[in-house]
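**Q** See coords14.txt below, with compact mmCIF, C-alpha atoms and all ligand atoms.
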# COMPACT_ATOMS: atom_id res chain seq x y z
CA MET A 1 113.35 100.21 157.30
CA ASN A 2 111.36 102.18 154.81
CA ASP A 3 110.98 102.38 151.07
CA LEU A 4 110.80 105.92 149.76
CA LEU A 5 108.72 106.12 146.60
CA PRO A 6 109.46 108.96 144.18
CA SER A 7 106.64 111.24 145.37
CA GLU A 8 108.18 111.08 148.85
CA VAL A 9 111.75 111.51 147.60
CA ALA A 10 110.77 114.88 146.11
CA ARG A 11 110.19 116.15 149.66
CA TRP A 12 113.56 114.77 150.71
CA HIS A 13 115.29 116.60 147.88
CA ALA A 14 113.71 119.89 148.92
CA MET A 15 114.80 119.33 152.52
CA GLU A 16 118.33 118.25 151.57
CA GLU A 17 118.80 121.27 149.33
CA THR A 18 117.86 123.57 152.20
CA ILE A 19 120.23 121.79 154.57
CA ARG A 20 123.12 122.00 152.08
CA GLU A 21 122.48 125.67 151.51
CA VAL A 22 122.41 126.51 155.22
CA VAL A 23 125.55 124.54 156.14
CA ARG A 24 127.38 126.03 153.16
CA LEU A 25 126.54 129.51 154.46
CA HIS A 26 128.27 128.50 157.69
CA GLY A 27 131.47 127.23 156.06
CA TYR A 28 130.87 123.49 156.22
CA ARG A 29 132.06 121.12 153.50
CA GLU A 30 130.64 117.65 152.90
CA ILE A 31 132.54 114.54 153.93
CA ARG A 32 131.53 111.03 152.84
CA VAL A 33 132.66 108.05 154.85
CA PRO A 34 131.79 104.33 154.65
CA VAL A 35 128.62 102.96 156.22
CA ILE A 36 130.53 100.01 157.68
CA GLU A 37 133.31 100.34 160.23
CA HIS A 38 135.14 98.01 162.59
CA THR A 39 132.93 97.33 165.62
CA PRO A 40 135.53 98.46 168.21
CA LEU A 41 135.33 101.99 166.79
CA TYR A 42 131.75 102.31 168.03
CA VAL A 43 132.40 100.46 171.28
CA ARG A 44 135.21 102.90 172.08
CA SER A 45 133.47 106.08 170.99
CA VAL A 46 129.74 105.62 171.59
CA GLY A 47 130.60 103.59 174.66
CA GLU A 48 129.75 100.40 176.50
CA GLY A 49 126.59 100.63 178.58
CA THR A 50 124.85 102.77 175.97
CA ASP A 51 121.69 101.49 174.33
CA ILE A 52 123.34 101.75 170.93
CA VAL A 53 126.34 99.58 171.74
CA ASP A 54 124.57 97.17 174.09
CA LYS A 55 121.45 96.45 172.05
CA GLU A 56 121.05 98.26 168.79
CA MET A 57 124.01 97.69 166.52
CA TYR A 58 123.81 95.63 163.34
CA SER A 59 127.11 93.82 163.78
CA PHE A 60 128.52 90.85 161.92
CA THR A 61 131.79 89.05 161.46
CA PHE A 62 133.41 89.11 158.07
CA HIS A 63 136.54 86.98 157.65
CA ASP A 64 137.09 87.07 161.40
CA GLU A 65 136.75 90.85 161.58
CA PRO A 66 133.93 92.28 163.71
CA MET A 67 132.11 94.90 161.62
CA THR A 68 129.14 97.17 162.28
CA VAL A 69 126.77 99.03 159.99
CA ARG A 70 126.98 102.55 161.31
CA PRO A 71 124.51 103.54 164.04
CA GLU A 72 125.64 107.18 163.97
CA GLY A 73 127.96 109.44 162.01
CA THR A 74 130.47 111.02 164.35
CA ALA A 75 132.67 107.98 165.02
CA GLY A 76 133.36 107.38 161.33
CA VAL A 77 134.04 111.06 160.65
CA VAL A 78 136.50 111.23 163.56
CA ARG A 79 138.18 108.05 162.34
CA ALA A 80 138.59 109.63 158.90
CA TYR A 81 139.88 112.88 160.44
CA VAL A 82 142.55 110.94 162.33
CA GLU A 83 143.39 108.52 159.52
CA HIS A 84 144.02 111.34 157.04
CA ALA A 85 145.82 113.53 159.60
CA VAL A 86 143.53 116.38 158.61
CA HIS A 87 144.85 118.47 161.54
CA THR A 88 148.20 118.79 159.73
CA LYS A 89 146.47 120.43 156.76
CA GLU A 90 144.05 122.82 158.43
CA PRO A 91 143.79 124.16 161.97
CA VAL A 92 140.00 124.11 161.98
CA SER A 93 137.80 121.75 159.95
CA ARG A 94 134.07 122.12 159.45
CA PHE A 95 132.57 118.91 158.08
CA TYR A 96 129.01 118.12 157.08
CA TYR A 97 127.60 114.64 156.35
CA GLU A 98 124.30 113.10 155.48
CA GLY A 99 123.16 109.53 155.07
CA PRO A 100 121.48 106.42 156.44
CA MET A 101 122.14 105.15 159.97
CA PHE A 102 121.11 101.77 161.36
CA ARG A 103 119.86 100.87 164.82
CA GLY A 104 117.88 97.79 165.77
CA GLU A 105 115.35 99.60 167.96
CA ARG A 106 111.67 99.00 168.47
CA PRO A 107 110.05 100.89 165.58
CA ALA A 108 107.52 103.66 166.24
CA ARG A 109 106.45 106.86 164.55
CA GLY A 110 109.69 108.80 164.08
CA ARG A 111 111.79 105.81 165.15
CA TYR A 112 113.05 103.44 162.49
CA ARG A 113 115.78 100.87 162.04
CA GLN A 114 117.22 102.52 158.98
CA PHE A 115 116.89 106.29 159.33
CA HIS A 116 118.78 109.27 158.02
CA GLN A 117 120.82 111.92 159.72
CA ALA A 118 122.44 115.11 158.60
CA GLY A 119 125.18 116.28 160.88
CA CYS A 120 128.05 118.68 161.28
CA GLU A 121 131.36 118.36 163.08
CA VAL A 122 133.88 121.10 163.86
CA PHE A 123 137.44 120.07 164.76
CA GLY A 124 140.08 122.31 166.27
CA ASP A 125 137.91 125.01 167.85
CA PRO A 126 137.43 124.85 171.63
CA GLY A 127 134.36 127.11 171.69
CA PRO A 128 132.19 128.43 173.15
CA VAL A 129 131.75 130.82 170.19
CA VAL A 130 131.39 127.95 167.73
CA ASP A 131 129.06 126.12 170.13
CA ALA A 132 126.64 129.05 170.10
CA GLU A 133 127.01 129.47 166.35
CA MET A 134 126.18 125.79 165.78
CA ILE A 135 123.03 125.91 167.90
CA ASP A 136 121.98 129.10 166.15
CA MET A 137 122.58 127.49 162.76
CA ILE A 138 120.30 124.56 163.60
CA VAL A 139 117.53 126.87 164.77
CA ALA A 140 117.93 128.91 161.56
CA LEU A 141 117.88 125.74 159.47
CA PHE A 142 114.71 124.50 161.13
CA ALA A 143 113.06 127.87 160.58
CA ARG A 144 113.95 127.67 156.88
CA LEU A 145 112.28 124.27 156.81
CA GLY A 146 109.17 125.80 158.34
CA ILE A 147 109.76 124.34 161.82
CA LYS A 148 109.51 127.37 164.05
CA ASP A 149 108.07 125.94 167.23
CA VAL A 150 111.18 124.41 168.77
CA GLU A 151 112.67 124.16 172.21
CA VAL A 152 116.46 124.37 172.68
CA LEU A 153 117.84 122.59 175.75
CA VAL A 154 121.44 123.11 176.78
CA ASN A 155 123.63 121.70 179.51
CA SER A 156 127.29 121.21 180.28
CA LEU A 157 128.76 117.88 181.29
CA GLY A 158 132.03 119.54 182.12
CA GLY A 159 135.40 118.09 181.20
CA LYS A 160 137.06 114.97 182.58
CA GLY A 161 137.41 116.38 186.11
CA THR A 162 133.84 117.55 186.40
CA LYS A 163 132.48 114.38 184.86
CA ALA A 164 134.37 112.18 187.35
CA LYS A 165 133.20 114.29 190.30
CA TYR A 166 129.62 114.19 189.06
CA ARG A 167 129.67 110.47 188.49
CA GLU A 168 130.71 109.96 192.09
CA LYS A 169 128.00 112.27 193.35
CA LEU A 170 125.35 110.55 191.26
CA VAL A 171 126.35 107.06 192.41
CA GLU A 172 126.26 108.29 196.01
CA TYR A 173 122.75 109.63 195.46
CA LEU A 174 121.36 106.66 193.53
CA THR A 175 122.87 103.78 195.50
CA PRO A 176 120.26 103.93 198.29
CA GLU A 177 117.57 103.96 195.56
CA LYS A 178 119.06 101.01 193.72
CA ASP A 179 116.09 98.70 194.24
CA ALA A 180 113.78 101.20 192.61
CA LEU A 181 115.81 101.34 189.38
CA SER A 182 115.20 99.36 186.21
CA GLU A 183 117.28 96.21 185.70
CA ASP A 184 119.43 97.99 183.10
CA SER A 185 120.09 100.89 185.39
CA LYS A 186 121.01 98.68 188.35
CA ARG A 187 123.83 97.42 186.16
CA ARG A 188 124.67 100.88 184.89
CA LEU A 189 125.13 102.14 188.43
CA SER A 190 128.54 100.46 188.42
CA THR A 191 129.34 100.51 184.68
CA ASN A 192 128.02 103.82 183.38
CA PRO A 193 125.95 105.76 185.92
CA LEU A 194 125.43 108.88 183.75
CA ARG A 195 123.42 106.73 181.35
CA ILE A 196 120.73 106.36 184.00
CA LEU A 197 119.82 110.02 183.47
CA ASP A 198 119.11 109.25 179.83
CA SER A 199 116.82 106.30 180.60
CA LYS A 200 113.24 106.40 179.37
CA ASP A 201 112.09 103.82 181.94
CA PRO A 202 109.52 105.40 184.32
CA ARG A 203 111.17 103.74 187.35
CA ASP A 204 114.46 105.46 186.51
CA GLN A 205 112.77 108.74 185.74
CA ALA A 206 111.21 108.76 189.19
CA ALA A 207 114.52 107.95 190.87
CA ILE A 208 116.46 110.70 189.10
CA LYS A 209 113.81 113.38 189.46
CA ASP A 210 115.66 115.11 192.31
CA ALA A 211 119.17 113.84 191.56
CA PRO A 212 122.04 116.32 191.92
CA SER A 213 122.92 118.40 188.88
CA VAL A 214 126.27 118.55 187.08
CA LEU A 215 126.12 122.27 187.52
CA ASP A 216 126.47 121.78 191.31
CA VAL A 217 129.95 120.29 190.93
CA ILE A 218 131.21 121.89 187.74
CA ASP A 219 134.88 123.08 187.61
CA ASP A 220 135.61 126.80 187.21
CA ASP A 221 136.94 126.40 183.63
CA ASP A 222 133.93 124.37 182.58
CA ARG A 223 131.61 126.85 184.27
CA ALA A 224 133.25 129.75 182.39
CA HIS A 225 132.86 127.87 179.10
CA PHE A 226 129.18 127.25 179.78
CA ASP A 227 128.59 130.86 180.85
CA GLY A 228 130.28 131.98 177.60
CA LEU A 229 127.94 129.81 175.55
CA ARG A 230 124.94 131.27 177.35
CA ARG A 231 126.11 134.86 176.84
CA HIS A 232 126.53 134.27 173.10
CA LEU A 233 123.10 132.63 172.82
CA ASP A 234 121.59 135.56 174.72
CA LYS A 235 123.29 137.99 172.35
CA LEU A 236 121.90 136.04 169.38
CA GLN A 237 118.50 136.07 171.04
CA THR A 238 118.26 132.34 170.54
CA PRO A 239 115.84 131.14 173.22
CA TYR A 240 117.08 128.17 175.25
CA THR A 241 116.46 126.39 178.51
CA VAL A 242 119.19 125.04 180.77
CA GLU A 243 118.33 121.41 181.45
CA PRO A 244 120.83 120.15 184.06
CA ARG A 245 119.78 116.54 183.62
CA LEU A 246 120.38 116.44 179.91
CA VAL A 247 123.11 113.86 179.22
CA ARG A 248 122.25 112.38 175.78
CA GLY A 249 122.88 108.82 174.74
CA LEU A 250 126.51 108.84 173.67
CA ASP A 251 129.50 108.46 175.95
CA TYR A 252 131.94 110.75 174.20
CA TYR A 253 130.37 114.08 175.14
CA SER A 254 132.09 116.67 177.32
CA ARG A 255 131.17 120.25 178.22
CA THR A 256 128.44 121.62 175.91
CA LEU A 257 125.42 119.40 175.29
CA PHE A 258 122.26 120.40 173.51
CA GLU A 259 119.05 119.01 172.17
CA ILE A 260 116.43 120.60 169.96
CA ARG A 261 112.87 119.41 170.29
CA GLY A 262 109.89 120.09 168.12
CA ARG A 263 106.50 120.79 169.57
CA GLY A 264 103.27 119.47 168.19
CA GLY A 265 102.91 118.49 164.56
CA GLU A 266 102.95 114.82 163.74
CA LEU A 267 105.99 114.10 165.88
CA GLY A 268 104.32 112.45 168.87
CA ALA A 269 106.63 111.09 171.52
CA GLN A 270 109.71 111.12 169.29
CA ASN A 271 110.10 114.88 169.35
CA THR A 272 113.87 115.22 169.55
CA LEU A 273 114.82 116.63 166.16
CA ALA A 274 118.53 117.11 166.72
CA GLY A 275 121.08 116.51 169.40
CA GLY A 276 124.72 117.19 169.82
CA GLY A 277 127.55 118.37 171.92
CA ARG A 278 131.21 118.80 172.46
CA TYR A 279 133.53 115.80 172.46
CA ASP A 280 136.93 117.25 173.27
CA GLY A 281 138.52 113.90 174.16
CA LEU A 282 137.39 111.70 171.28
CA VAL A 283 139.98 112.53 168.61
CA GLU A 284 142.76 111.71 171.03
CA GLU A 285 140.94 108.61 172.27
CA LEU A 286 140.84 107.36 168.68
CA GLY A 287 144.57 107.85 168.11
CA GLY A 288 144.81 111.48 166.97
CA PRO A 289 146.29 114.51 168.70
CA ALA A 290 144.32 116.24 171.46
CA THR A 291 141.74 118.18 169.45
CA PRO A 292 138.65 119.98 170.71
CA ALA A 293 135.53 119.16 168.68
CA ILE A 294 131.80 119.65 168.61
CA GLY A 295 129.02 118.19 166.48
CA PHE A 296 125.33 117.47 166.13
CA ALA A 297 123.04 115.21 164.14
CA ALA A 298 119.47 115.85 163.07
CA GLY A 299 117.02 113.07 162.24
CA LEU A 300 115.68 113.69 158.76
CA GLU A 301 112.54 111.55 159.03
CA ARG A 302 111.53 113.54 162.09
CA LEU A 303 112.24 116.83 160.33
CA LEU A 304 109.92 115.74 157.56
CA LEU A 305 107.22 114.88 160.08
CA ALA A 306 107.60 118.36 161.55
CA THR A 307 107.62 120.33 158.28
CA GLU A 308 104.92 121.02 155.81
CA LEU A 309 107.11 120.75 152.76
CA PRO A 310 104.68 120.02 149.93
CA ALA A 311 104.99 116.83 147.96
CA LYS A 312 106.00 118.09 144.55
CA LYS A 313 104.32 116.15 141.79
CA LEU A 314 105.99 117.64 138.75
CA GLU A 315 107.68 114.95 136.71
CA ALA A 316 107.81 116.56 133.26
CA ASP A 317 107.13 120.08 132.05
CA VAL A 318 106.11 118.80 128.65
CA LEU A 319 104.39 115.69 127.40
CA ILE A 320 104.68 114.83 123.72
CA ALA A 321 101.68 113.00 122.32
CA PRO A 322 102.46 111.41 118.94
CA MET A 323 99.51 110.14 116.91
CA GLY A 324 100.90 107.16 115.03
CA GLU A 325 104.15 105.47 114.18
CA ARG A 326 105.72 108.17 112.02
CA ALA A 327 104.95 110.91 114.56
CA ALA A 328 106.43 108.78 117.36
CA GLY A 329 109.84 108.84 115.71
CA GLU A 330 109.66 112.60 115.32
CA ALA A 331 108.54 112.91 118.94
CA LEU A 332 111.73 111.20 120.12
CA VAL A 333 113.84 113.67 118.13
CA ILE A 334 111.92 116.70 119.45
CA ALA A 335 112.20 115.38 123.01
CA ARG A 336 115.95 115.14 122.65
CA GLU A 337 116.14 118.75 121.41
CA LEU A 338 114.05 120.01 124.32
CA ARG A 339 116.11 118.11 126.88
CA ALA A 340 119.29 119.57 125.42
CA ALA A 341 117.71 122.95 126.13
CA GLY A 342 117.02 121.90 129.73
CA VAL A 343 113.32 121.12 129.49
CA PRO A 344 112.10 117.91 131.22
CA VAL A 345 110.06 115.94 128.67
CA VAL A 346 108.22 112.64 128.54
CA VAL A 347 107.13 111.00 125.29
CA GLU A 348 103.83 109.15 125.60
CA GLY A 349 104.90 106.01 123.78
CA ARG A 350 101.78 103.96 124.34
CA GLY A 351 99.68 105.75 121.72
CA GLY A 352 95.94 105.82 122.32
CA SER A 353 93.40 108.58 121.94
CA LEU A 354 94.38 112.23 122.20
CA LYS A 355 92.09 112.57 125.19
CA SER A 356 93.80 109.79 127.10
CA MET A 357 97.22 111.21 126.29
CA LEU A 358 96.23 114.64 127.60
CA ARG A 359 94.94 113.01 130.76
CA ARG A 360 98.40 111.57 131.20
CA ALA A 361 99.89 115.05 130.79
CA ASN A 362 97.70 116.21 133.65
CA SER A 363 98.80 113.39 135.91
CA LEU A 364 102.44 114.20 135.22
CA GLY A 365 101.80 117.80 136.17
CA SER A 366 102.90 119.01 132.73
CA ALA A 367 102.20 122.61 131.79
CA LYS A 368 102.36 121.92 128.07
CA ALA A 369 101.68 119.17 125.59
CA ILE A 370 102.96 118.80 122.06
CA VAL A 371 100.62 116.93 119.73
CA ILE A 372 101.93 115.56 116.45
CA GLY A 373 99.95 113.66 113.86
CA ASP A 374 100.48 112.93 110.18
CA GLY A 375 98.81 116.23 109.26
CA GLU A 376 101.24 118.25 111.36
CA LEU A 377 104.18 116.27 110.00
CA ASP A 378 103.15 117.06 106.42
CA ARG A 379 102.79 120.75 107.18
CA GLY A 380 106.13 120.93 109.11
CA VAL A 381 104.46 122.05 112.35
CA VAL A 382 103.40 120.71 115.75
CA GLN A 383 100.41 121.58 117.90
CA LEU A 384 101.53 123.20 121.15
CA LYS A 385 98.89 123.04 123.89
CA ASP A 386 99.02 125.24 126.96
CA LEU A 387 97.25 122.93 129.39
CA ALA A 388 96.58 125.47 132.10
CA GLY A 389 95.39 128.18 129.70
CA HIS A 390 93.40 125.71 127.58
CA SER A 391 94.80 127.30 124.41
CA GLN A 392 96.68 125.83 121.48
CA LYS A 393 98.54 126.95 118.42
CA ASP A 394 100.57 125.56 115.54
CA VAL A 395 104.32 126.05 115.90
CA PRO A 396 106.79 125.58 113.04
CA ARG A 397 109.05 122.58 113.60
CA ALA A 398 112.19 124.75 113.82
CA GLU A 399 110.74 127.01 116.52
CA ILE A 400 109.56 124.40 119.02
CA VAL A 401 112.27 124.88 121.64
CA LEU A 402 111.81 128.64 121.61
CA ALA A 403 108.02 128.38 121.81
CA VAL A 404 108.10 125.88 124.69
CA LYS A 405 110.54 127.94 126.69
CA SER A 406 108.81 131.27 126.20
P1 LIG A 501 116.15 109.34 170.94
O1 LIG A 501 116.24 109.80 172.34
O2 LIG A 501 114.98 109.91 170.19
O3 LIG A 501 116.30 107.86 170.79
P2 LIG A 501 118.95 109.60 170.45
O4 LIG A 501 119.43 110.21 171.70
O5 LIG A 501 119.12 108.16 170.26
O6 LIG A 501 117.42 109.98 170.21
P3 LIG A 501 120.97 110.65 168.67
O7 LIG A 501 121.70 109.38 168.69
O8 LIG A 501 121.56 111.81 169.33
O9 LIG A 501 119.48 110.42 169.22
O10 LIG A 501 120.57 111.03 167.18
C1 LIG A 501 120.23 112.36 166.78
C2 LIG A 501 118.88 112.41 166.12
O11 LIG A 501 118.71 111.36 165.18
C3 LIG A 501 117.71 112.23 167.06
O12 LIG A 501 117.42 113.43 167.69
C4 LIG A 501 116.61 111.84 166.10
O13 LIG A 501 116.07 112.96 165.44
C5 LIG A 501 117.34 110.99 165.12
N1 LIG A 501 117.19 109.56 165.44
C6 LIG A 501 117.86 108.82 166.37
N2 LIG A 501 117.45 107.54 166.35
C7 LIG A 501 116.50 107.46 165.40
C8 LIG A 501 115.68 106.40 164.89
N3 LIG A 501 115.79 105.15 165.34
N4 LIG A 501 114.79 106.69 163.90
C9 LIG A 501 114.67 107.94 163.41
N5 LIG A 501 115.41 108.98 163.85
C10 LIG A 501 116.32 108.75 164.82
MG MG A 502 117.92 106.49 170.76
Is it possible to give me this structure as structure tokens?
**A**
Amino acid sequence: MNDLLPSEVARWHAMEETIREVVRLHGYREIRVPVIEHTPLYVRSVGEGTDIVDKEMYSFTFHDEPMTVRPEGTAGVVRAYVEHAVHTKEPVSRFYYEGPMFRGERPARGRYRQFHQAGCEVFGDPGPVVDAEMIDMIVALFARLGIKDVEVLVNSLGGKGTKAKYREKLVEYLTPEKDALSEDSKRRLSTNPLRILDSKDPRDQAAIKDAPSVLDVIDDDDRAHFDGLRRHLDKLQTPYTVEPRLVRGLDYYSRTLFEIRGRGGELGAQNTLAGGGRYDGLVEELGGPATPAIGFAAGLERLLLATELPAKKLEADVLIAPMGERAAGEALVIARELRAAGVPVVVEGRGGSLKSMLRRANSLGSAKAIVIGDGELDRGVVQLKDLAGHSQKDVPRAEIVLAVKS
């Protein structure tokens, strides 16, 4: 879990502003849900046999109730959608969220125990138009953040029918290889065989290398949906690769699945920037009406590793340097006037030499400094210094705001 000091937070603000702007242009509105939910919500939605539920959740019991600090955003958003019967108010909902998520994983570059995600969910639209639009939005967002070298992987898991058929086929294929699988995957073969495809263990990777693909057994309806998605992406000229072994780590996905990876930069092995997919069964599973839905989440720490957003240093446009007690009082009043006019100001309250105060102005990134001493007070003026232009002039007390802003 990381501390973010103010110089770092400035980069976060720049990134978050861009994200908000892009999702707003696509009709999404922000939803805010609690960071703690009842544990069974995650067990039912993310699914048993997943790394998240089996090993990574920060769970605790509070007054006999099992609770979990959220490992991901979708489950809580779906719970809220159902709890507030949002479907009765609007046929299609486009929600955006952002915030910290918690997973007890082994930390590495780009992998933390408290990390942040921004995500979108669309309820009530079966796609594939919206599926293509969502993928295109993410690529556009990344480009706006300066991340242009990305790889889009898409797959379809099919619906219930296809998934069941594929599971059978996969178990049939992997059972003779059982001894070669990791301990976790030996277990998963009976509990959750699709998870094996998502395993990072080299033993599993070798075993699944030539495993059958979902696309071999996909139903006609699911195939048509997937072909539709591909046609729309082609029309948008959004480059993508079909990756038939892409399953992603959450149980609730159906049909469209996608992942966006960054290349190069400081990402290293953790190069998945965003992942998502369709989860047409989850709203119903969690007690709502049958509602098609799709969503994605992007990891913000990884986006920052992949961008070159500059660390903005600016803390105050103006520093006021009062020379002495009487000038300090006046400085506070002037600062208040400037702030009312929208100018960020810091008063150097520690006194000291003019030279040291101007050094401070430099370190704050200020463009201007206002110097006030007893002489200026008596004459009803201040000294306004343009720090970049190395010039200075006297400004009448009543004209300070105007002079600073011009
Ligand atoms: P990975 O395969 O990298 O573990 P995941 O499949 O667990 O990712 P999701 O649960 O789909 O990822 O989360 C979406 C995104 O959130 C990831 O692509 C990544 O950018 C980010 N993310 C996931 N886990 C972490 C983490 N522990 N630290 C930082 N970012 C993370
Ligand atoms: Mg993970």
**Q** May I ask you to write as a list in words all residues lying at most 6 Å from ligand LIG 501 (chain A), with all atoms listed in the file counted?
**A**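 Result of the 6 Å neighbour search around ligand LIG 501 (chain A): Arg103, Gly110, Arg111, Tyr112, Arg113, Phe115, Gln117, Arg248, Gly249, Gln270, Thr272, Leu273, Ala274, Gly275, Ala297, Ala298, Gly299 and Arg302 of chain A.
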**Q** Which residue out of A:Lys160, A:Arg24, A:His84, A:Arg195 has the minimum interatomic distance to ligand MG 502 (chain A) when only C-alpha atoms and all ligand atoms are used?
**A** A:Arg195
**Q** In Å, with one decimal, what is the gap from CA of Ala316 (chain A) to CA of Asp394 (chain A)?
**A**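 Straight-line distance from CA of Ala316 (chain A) to CA of Asp394 (chain A) works out to 21.2 Å.
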**Q** Expressed in Å to a single decimal, how great is the separation between CA of Ile334 (chain A) and CA of Ser7 (chain A)?
**A**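 If I compute the distance from CA of Ile334 (chain A) to CA of Ser7 (chain A), I get 27.0 Å.
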**Q** Quick one: residues within 12 Å of Asp219 (chain A), all atoms listed in the file counted, chain neighbours fewer than 2 positions away excluded, as a VMD selection string?
**A** chain A and resid 156 to 166 214 to 217 221 to 226 255
**Q** Just write the chosen residues, C-alpha atoms, as a JSON list (two decimals), keeping the file's coordinate frame.
**A**
[["chain", "number", "residue", "atom", "x", "y", "z"],
["A", 156, "SER", "CA", 127.29, 121.21, 180.28],
["A", 157, "LEU", "CA", 128.76, 117.88, 181.29],
["A", 158, "GLY", "CA", 132.03, 119.54, 182.12],
["A", 159, "GLY", "CA", 135.40, 118.09, 181.20],
["A", 160, "LYS", "CA", 137.06, 114.97, 182.58],
["A", 161, "GLY", "CA", 137.41, 116.38, 186.11],
["A", 162, "THR", "CA", 133.84, 117.55, 186.40],
["A", 163, "LYS", "CA", 132.48, 114.38, 184.86],
["A", 164, "ALA", "CA", 134.37, 112.18, 187.35],
["A", 165, "LYS", "CA", 133.20, 114.29, 190.30],
["A", 166, "TYR", "CA", 129.62, 114.19, 189.06],
["A", 214, "VAL", "CA", 126.27, 118.55, 187.08],
["A", 215, "LEU", "CA", 126.12, 122.27, 187.52],
["A", 216, "ASP", "CA", 126.47, 121.78, 191.31],
["A", 217, "VAL", "CA", 129.95, 120.29, 190.93],
["A", 221, "ASP", "CA", 136.94, 126.40, 183.63],
["A", 222, "ASP", "CA", 133.93, 124.37, 182.58],
["A", 223, "ARG", "CA", 131.61, 126.85, 184.27],
["A", 224, "ALA", "CA", 133.25, 129.75, 182.39],
["A", 225, "HIS", "CA", 132.86, 127.87, 179.10],
["A", 226, "PHE", "CA", 129.18, 127.25, 179.78],
["A", 255, "ARG", "CA", 131.17, 120.25, 178.22]]
**Q** Around the point (119.4, 124.2, 158.6) (coordinates from the file), which residues reach within 9 Å if we count only C-alpha atoms? Answer as a PyMOL selection string.
**A** chain A and resi 18-23+137-145
**Q** Once you have the residues from the selection above, write them out as a tab-separated table (two decimals), in the frame of the given file, restricted to C-alpha atoms.
**A**
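The resulting file, result_30.tsv, is shown below:
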chain	number	residue	atom	x	y	z
A	18	THR	CA	117.86	123.57	152.20
A	19	ILE	CA	120.23	121.79	154.57
A	20	ARG	CA	123.12	122.00	152.08
A	21	GLU	CA	122.48	125.67	151.51
A	22	VAL	CA	122.41	126.51	155.22
A	23	VAL	CA	125.55	124.54	156.14
A	137	MET	CA	122.58	127.49	162.76
A	138	ILE	CA	120.30	124.56	163.60
A	139	VAL	CA	117.53	126.87	164.77
A	140	ALA	CA	117.93	128.91	161.56
A	141	LEU	CA	117.88	125.74	159.47
A	142	PHE	CA	114.71	124.50	161.13
A	143	ALA	CA	113.06	127.87	160.58
A	144	ARG	CA	113.95	127.67	156.88
A	145	LEU	CA	112.28	124.27	156.81
**Q** Let me make sure I understand: among A:Gly352, A:Gly342, A:Pro310, A:Pro71, which one has the smallest atom-to-atom distance to ligand MG 502 (chain A) if we use only C-alpha atoms and all ligand atoms?
**A** A:Pro71
**Q** Using all atoms listed in the file for the distances, tell me which of A:Gly104, A:Gly329, A:Pro6, A:Gly73 is nearest to ligand MG 502 (chain A).
**A**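 Among the listed residues, the smallest separation from ligand MG 502 (chain A) belongs to A:Gly104.
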**Q** So, with all atoms listed in the file as the atoms that count, which of A:His232, A:Trp12, A:Gly349, A:Asn271 lies closest to ligand MG 502 (chain A)?
**A**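 For ligand MG 502 (chain A), the nearest of the given residues is A:Asn271.
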**Q** Need the shell around Ala388 (chain A): protein/DNA/RNA residues with any atom at most 10 Å away, counting all atoms listed in the file. Skip same-chain ones fewer than 4 positions apart. Format as a ChimeraX atom specification?
**A** /A:362,366-368
**Q** Could you work out how far CA of Tyr81 (chain A) lies from CA of Met101 (chain A), giving the answer in Å with one decimal?
**A**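 A separation of 19.4 Å between them.
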**Q** Using the partial input, fill out region 61-70 of chain A with N, CA and C atoms; write the result as a PDB file, keeping the file's coordinate frame.
**A**
ATOM      1  N   THR A  61     130.376  89.368 161.595  1.00  0.00           N
ATOM      2  CA  THR A  61     131.790  89.050 161.460  1.00  0.00           C
ATOM      3  C   THR A  61     132.076  88.718 160.006  1.00  0.00           C
ATOM      4  N   PHE A  62     133.047  89.374 159.456  1.00  0.00           N
ATOM      5  CA  PHE A  62     133.410  89.110 158.070  1.00  0.00           C
ATOM      6  C   PHE A  62     134.880  88.726 158.031  1.00  0.00           C
ATOM      7  N   HIS A  63     135.163  87.481 157.614  1.00  0.00           N
ATOM      8  CA  HIS A  63     136.540  86.980 157.650  1.00  0.00           C
ATOM      9  C   HIS A  63     137.213  87.290 158.972  1.00  0.00           C
ATOM     10  N   ASP A  64     136.563  86.915 160.039  1.00  0.00           N
ATOM     11  CA  ASP A  64     137.090  87.070 161.400  1.00  0.00           C
ATOM     12  C   ASP A  64     137.159  88.506 161.901  1.00  0.00           C
ATOM     13  N   GLU A  65     136.696  89.466 161.105  1.00  0.00           N
ATOM     14  CA  GLU A  65     136.750  90.850 161.580  1.00  0.00           C
ATOM     15  C   GLU A  65     135.363  91.295 162.027  1.00  0.00           C
ATOM     16  N   PRO A  66     135.230  91.773 163.261  1.00  0.00           N
ATOM     17  CA  PRO A  66     133.930  92.280 163.710  1.00  0.00           C
ATOM     18  C   PRO A  66     133.612  93.629 163.053  1.00  0.00           C
ATOM     19  N   MET A  67     132.488  93.685 162.354  1.00  0.00           N
ATOM     20  CA  MET A  67     132.110  94.900 161.620  1.00  0.00           C
ATOM     21  C   MET A  67     130.720  95.352 162.079  1.00  0.00           C
ATOM     22  N   THR A  68     130.454  96.631 161.920  1.00  0.00           N
ATOM     23  CA  THR A  68     129.140  97.170 162.280  1.00  0.00           C
ATOM     24  C   THR A  68     128.668  98.153 161.234  1.00  0.00           C
ATOM     25  N   VAL A  69     127.386  98.053 160.877  1.00  0.00           N
ATOM     26  CA  VAL A  69     126.770  99.030 159.990  1.00  0.00           C
ATOM     27  C   VAL A  69     126.469 100.253 160.847  1.00  0.00           C
ATOM     28  N   ARG A  70     126.910 101.406 160.397  1.00  0.00           N
ATOM     29  CA  ARG A  70     126.980 102.550 161.310  1.00  0.00           C
ATOM     30  C   ARG A  70     125.659 102.926 161.986  1.00  0.00           C
TER      31      ARG A  70
END
